[in-house]
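Visitor: Let me give you the structure first, and then I'll get to my questions.
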Amino acid sequence: MLILLGPSASGKTESAKIMINRYPISRVVTCTTRPKRINEIEGFDYHFLTEIEFSELENNNYFAETAEYNDFHYGTPLNEINDDKLIILEPQGLQSFLKLKMNSIVAIYLNTKESCRVQRMRERKDLEKDIEKRIESDRIDFDLASIKGLDLIIDTTDMKLSELADYIYDSYKEILLGKQTGYYQMSLFNEG
């Protein structure tokens with residue numbers, strides 16, 4: 001399972017869409033209480049739930065992991081966890097997955113300069129107040145020094161999405177093969 005992490009506008013969602021169209025990997029569809037953005041599709045990008053619906057599912061042990069980010073809830077349904085799946089998580093969610101002790105998890109962090117991320121959020125028409133809030137939250141929530149279990153860090157600041165998608169997928173397959181054959185040692189690769 002490929003896990004992508006990174007702050008807002010680091011390229012996670014768009015590179016995931018490219019990989020799904022190019023490679024034999026499908027996206028885990030998670031649940032969120034966040035409002036749907038323009039161009040997002042129910043059942044493809046997320047399952048959009050009310051707070052009440054989310055709470056009921058959580059109480060019925062429907063999720064493998066849940067997280068709160070920017071005052072919204074996110075959760076991964078247990079029935080979505082499989083090999084050759086891709087999921088975008090927050091650091092808290094990664095820690096929940098690592099506790100599942102799955103040998104086939106590859107966690108890749110997309111790191112992007114803050115100024116570039118702000119520009120990307122403006123280009124996708126995010127509100128300025130939301131941009132400021134996300135940047136402040138991301139400085140805390142995505143502090144690399146506090147995130148454990150990463151297999152690779154990629155600097156996406158100057159990468160085109162198509163190039164990024166190919167690099168992520170190729171890296172995922174290489175790391176996964178290494179883990180499955182026993183030739184991979186848990187270490188942190190830095191790309192930049």
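Ordered as shown in the structure tokens, chains take letters A, B, and onward, while each chain numbers its residues from 1 and ligands are numbered from 1 in the order shown.
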Residues of segment 28-175 of chain A classed as strand (DSSP E) by DSSP on the backbone are to be reported as a VMD selection string.
Guide: chain A and resid 31 to 32 47 to 48 63 to 69 72 to 77 85 to 88 106 to 111 152 to 155
Visitor: Include N, CA and C atoms and write out the residues we just selected as a JSON list (two decimals), in the first residue's frame.
Guide:
[["chain", "number", "residue", "atom", "x", "y", "z"],
["A", 31, "CYS", "N", -13.18, 8.77, 4.00],
["A", 31, "CYS", "CA", -14.34, 9.57, 4.37],
["A", 31, "CYS", "C", -13.88, 10.87, 5.01],
["A", 32, "THR", "N", -14.65, 11.93, 4.81],
["A", 32, "THR", "CA", -14.33, 13.21, 5.44],
["A", 32, "THR", "C", -15.59, 14.00, 5.74],
["A", 47, "HIS", "N", -15.63, 10.13, 0.41],
["A", 47, "HIS", "CA", -17.03, 9.98, 0.76],
["A", 47, "HIS", "C", -17.29, 11.15, 1.71],
["A", 48, "PHE", "N", -18.13, 12.09, 1.30],
["A", 48, "PHE", "CA", -18.39, 13.29, 2.10],
["A", 48, "PHE", "C", -19.53, 12.99, 3.07],
["A", 63, "PHE", "N", -13.79, 2.28, 10.75],
["A", 63, "PHE", "CA", -12.54, 2.85, 10.26],
["A", 63, "PHE", "C", -11.31, 2.13, 10.79],
["A", 64, "ALA", "N", -10.28, 2.02, 9.92],
["A", 64, "ALA", "CA", -8.97, 1.53, 10.34],
["A", 64, "ALA", "C", -8.24, 2.62, 11.11],
["A", 65, "GLU", "N", -8.49, 3.87, 10.73],
["A", 65, "GLU", "CA", -7.87, 5.01, 11.39],
["A", 65, "GLU", "C", -8.74, 6.22, 11.15],
["A", 66, "THR", "N", -8.65, 7.17, 12.07],
["A", 66, "THR", "CA", -9.33, 8.46, 11.91],
["A", 66, "THR", "C", -8.35, 9.55, 12.31],
["A", 67, "ALA", "N", -8.60, 10.75, 11.80],
["A", 67, "ALA", "CA", -7.77, 11.90, 12.13],
["A", 67, "ALA", "C", -8.62, 13.15, 12.05],
["A", 68, "GLU", "N", -8.17, 14.17, 12.76],
["A", 68, "GLU", "CA", -8.79, 15.48, 12.66],
["A", 68, "GLU", "C", -7.77, 16.44, 12.08],
["A", 69, "TYR", "N", -8.16, 17.19, 11.06],
["A", 69, "TYR", "CA", -7.26, 18.10, 10.39],
["A", 69, "TYR", "C", -8.05, 19.31, 9.95],
["A", 72, "PHE", "N", -11.80, 19.28, 10.58],
["A", 72, "PHE", "CA", -12.63, 18.29, 9.89],
["A", 72, "PHE", "C", -12.11, 16.90, 10.23],
["A", 73, "HIS", "N", -13.00, 15.92, 10.17],
["A", 73, "HIS", "CA", -12.65, 14.53, 10.46],
["A", 73, "HIS", "C", -12.41, 13.76, 9.17],
["A", 74, "TYR", "N", -11.44, 12.84, 9.24],
["A", 74, "TYR", "CA", -11.10, 11.98, 8.11],
["A", 74, "TYR", "C", -11.01, 10.55, 8.65],
["A", 75, "GLY", "N", -11.40, 9.57, 7.84],
["A", 75, "GLY", "CA", -11.32, 8.19, 8.27],
["A", 75, "GLY", "C", -11.14, 7.25, 7.10],
["A", 76, "THR", "N", -10.42, 6.16, 7.33],
["A", 76, "THR", "CA", -10.18, 5.15, 6.30],
["A", 76, "THR", "C", -11.01, 3.91, 6.62],
["A", 77, "PRO", "N", -11.95, 3.57, 5.73],
["A", 77, "PRO", "CA", -12.75, 2.35, 5.96],
["A", 77, "PRO", "C", -11.86, 1.11, 5.94],
["A", 85, "LYS", "N", -2.96, -0.35, -3.52],
["A", 85, "LYS", "CA", -3.86, 0.76, -3.22],
["A", 85, "LYS", "C", -3.02, 1.95, -2.82],
["A", 86, "LEU", "N", -3.56, 3.12, -3.03],
["A", 86, "LEU", "CA", -2.90, 4.37, -2.69],
["A", 86, "LEU", "C", -3.81, 5.14, -1.75],
["A", 87, "ILE", "N", -3.22, 5.75, -0.74],
["A", 87, "ILE", "CA", -4.01, 6.55, 0.19],
["A", 87, "ILE", "C", -3.22, 7.80, 0.57],
["A", 88, "ILE", "N", -3.94, 8.88, 0.74],
["A", 88, "ILE", "CA", -3.36, 10.14, 1.19],
["A", 88, "ILE", "C", -3.75, 10.30, 2.66],
["A", 106, "VAL", "N", 4.39, 1.51, 2.11],
["A", 106, "VAL", "CA", 5.46, 2.42, 1.70],
["A", 106, "VAL", "C", 4.93, 3.83, 1.90],
["A", 107, "ALA", "N", 5.59, 4.60, 2.77],
["A", 107, "ALA", "CA", 5.16, 5.96, 3.10],
["A", 107, "ALA", "C", 6.08, 6.98, 2.45],
["A", 108, "ILE", "N", 5.51, 7.82, 1.58],
["A", 108, "ILE", "CA", 6.29, 8.83, 0.87],
["A", 108, "ILE", "C", 5.74, 10.22, 1.21],
["A", 109, "TYR", "N", 6.64, 11.09, 1.61],
["A", 109, "TYR", "CA", 6.29, 12.46, 2.02],
["A", 109, "TYR", "C", 6.63, 13.43, 0.89],
["A", 110, "LEU", "N", 5.67, 14.27, 0.53],
["A", 110, "LEU", "CA", 5.88, 15.29, -0.50],
["A", 110, "LEU", "C", 6.14, 16.62, 0.20],
["A", 111, "ASN", "N", 7.34, 17.12, 0.04],
["A", 111, "ASN", "CA", 7.77, 18.35, 0.69],
["A", 111, "ASN", "C", 7.82, 19.47, -0.35],
["A", 152, "LEU", "N", 10.52, 7.71, 2.16],
["A", 152, "LEU", "CA", 11.09, 8.60, 1.16],
["A", 152, "LEU", "C", 10.52, 9.99, 1.33],
["A", 153, "ILE", "N", 11.36, 11.02, 1.14],
["A", 153, "ILE", "CA", 10.93, 12.41, 1.11],
["A", 153, "ILE", "C", 11.29, 12.95, -0.27],
["A", 154, "ILE", "N", 10.30, 13.55, -0.94],
["A", 154, "ILE", "CA", 10.52, 14.11, -2.27],
["A", 154, "ILE", "C", 10.23, 15.60, -2.23],
["A", 155, "ASP", "N", 11.16, 16.41, -2.72],
["A", 155, "ASP", "CA", 10.92, 17.86, -2.84],
["A", 155, "ASP", "C", 10.16, 18.09, -4.14]]
Visitor: Quick one: everything within 10 Å of segment 8-23 of chain A, counting only C-alpha atoms, minus sequence neighbours fewer than 4 positions away in the same chain. Send it as a PyMOL selection string.
Guide: chain A and resi 3-4+27+44-45+84-89+108-114+116-122+124+131+134-135+137-138+142+155-157+159-169
Visitor: Find the residue from A:Ser104, A:Leu127, A:Ala145, A:Gly43 that sits nearest to Ile175 of chain A; use only C-alpha atoms when measuring.
Guide: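 Ranking A:Ser104, A:Leu127, A:Ala145, A:Gly43 by distance to Ile175 of chain A, first place goes to A:Ser104.
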Visitor: Tell me, in Å to one decimal, how far atom CA of Leu150 of chain A is from atom CA of Leu57 of chain A.
Guide: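 Separating atom CA of Leu150 of chain A from atom CA of Leu57 of chain A is a distance of 28.8 Å.
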Visitor: Just the residues within 9 Å of Asn103 of chain A, please, counting only C-alpha atoms, with nothing from its chain fewer than 2 positions along; format it as a PyMOL selection string.
Guide: chain A and resi 101+105-106+176+179-180
Visitor: Quick one: distance from atom CA of Thr33 of chain A to atom CA of Lys99 of chain A in Å, one decimal?
Guide: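 Taking atom CA of Thr33 of chain A and atom CA of Lys99 of chain A, their separation equals 24.3 Å.
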Visitor: So, with only C-alpha atoms as the atoms that count, which of A:Lys148, A:Lys129, A:Arg37, A:Lys173 lies closest to Phe97 of chain A?
Guide: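 Ranking A:Lys148, A:Lys129, A:Arg37, A:Lys173 by distance to Phe97 of chain A, first place goes to A:Lys148.
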Visitor: Separation of atom CA of Gly6 of chain A and atom CA of Gln92 of chain A, in Å?
Guide: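 So the two atoms, atom CA of Gly6 of chain A and atom CA of Gln92 of chain A, lie 11.9 Å apart.
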Visitor: Run DSSP on the backbone and grab whatever in chain A lands in helix (DSSP H, G or I); send it over as a ChimeraX atom specification.
Guide: /A:12-22,51-59,78-80,91-98,114-123,128-141,144-146,161-181
Visitor: Leaving out Lys36 of chain A and any residue of its chain fewer than 5 positions from it, which residues lie within 9 Å of it when counting only C-alpha atoms, given as a ChimeraX atom specification?
Guide: /A:41-42,46,48
Visitor: Write a file of the selected residues as a PDB file, in the first residue's frame, keeping N, CA and C atoms.
Guide:
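Done, and the output landed in result.pdb:
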ATOM      1  N   ILE A  41     -15.175  14.682  -6.719  1.00  0.00           N
ATOM      2  CA  ILE A  41     -16.263  13.760  -7.039  1.00  0.00           C
ATOM      3  C   ILE A  41     -16.539  12.869  -5.837  1.00  0.00           C
ATOM      4  N   GLU A  42     -17.805  12.839  -5.422  1.00  0.00           N
ATOM      5  CA  GLU A  42     -18.238  11.955  -4.329  1.00  0.00           C
ATOM      6  C   GLU A  42     -17.952  10.511  -4.734  1.00  0.00           C
ATOM      7  N   TYR A  46     -13.448  11.513  -2.140  1.00  0.00           N
ATOM      8  CA  TYR A  46     -13.807  11.183  -0.757  1.00  0.00           C
ATOM      9  C   TYR A  46     -15.254  10.711  -0.734  1.00  0.00           C
ATOM     10  N   PHE A  48     -18.126  12.094   1.301  1.00  0.00           N
ATOM     11  CA  PHE A  48     -18.389  13.287   2.101  1.00  0.00           C
ATOM     12  C   PHE A  48     -19.534  12.994   3.070  1.00  0.00           C
TER      13      PHE A  48
END
Visitor: Considering only C-alpha atoms, state which residue in the set A:Ile147, A:Gly93, A:Leu78, A:Asp83 is at the smallest distance from Tyr172 of chain A.
Guide: A:Asp83
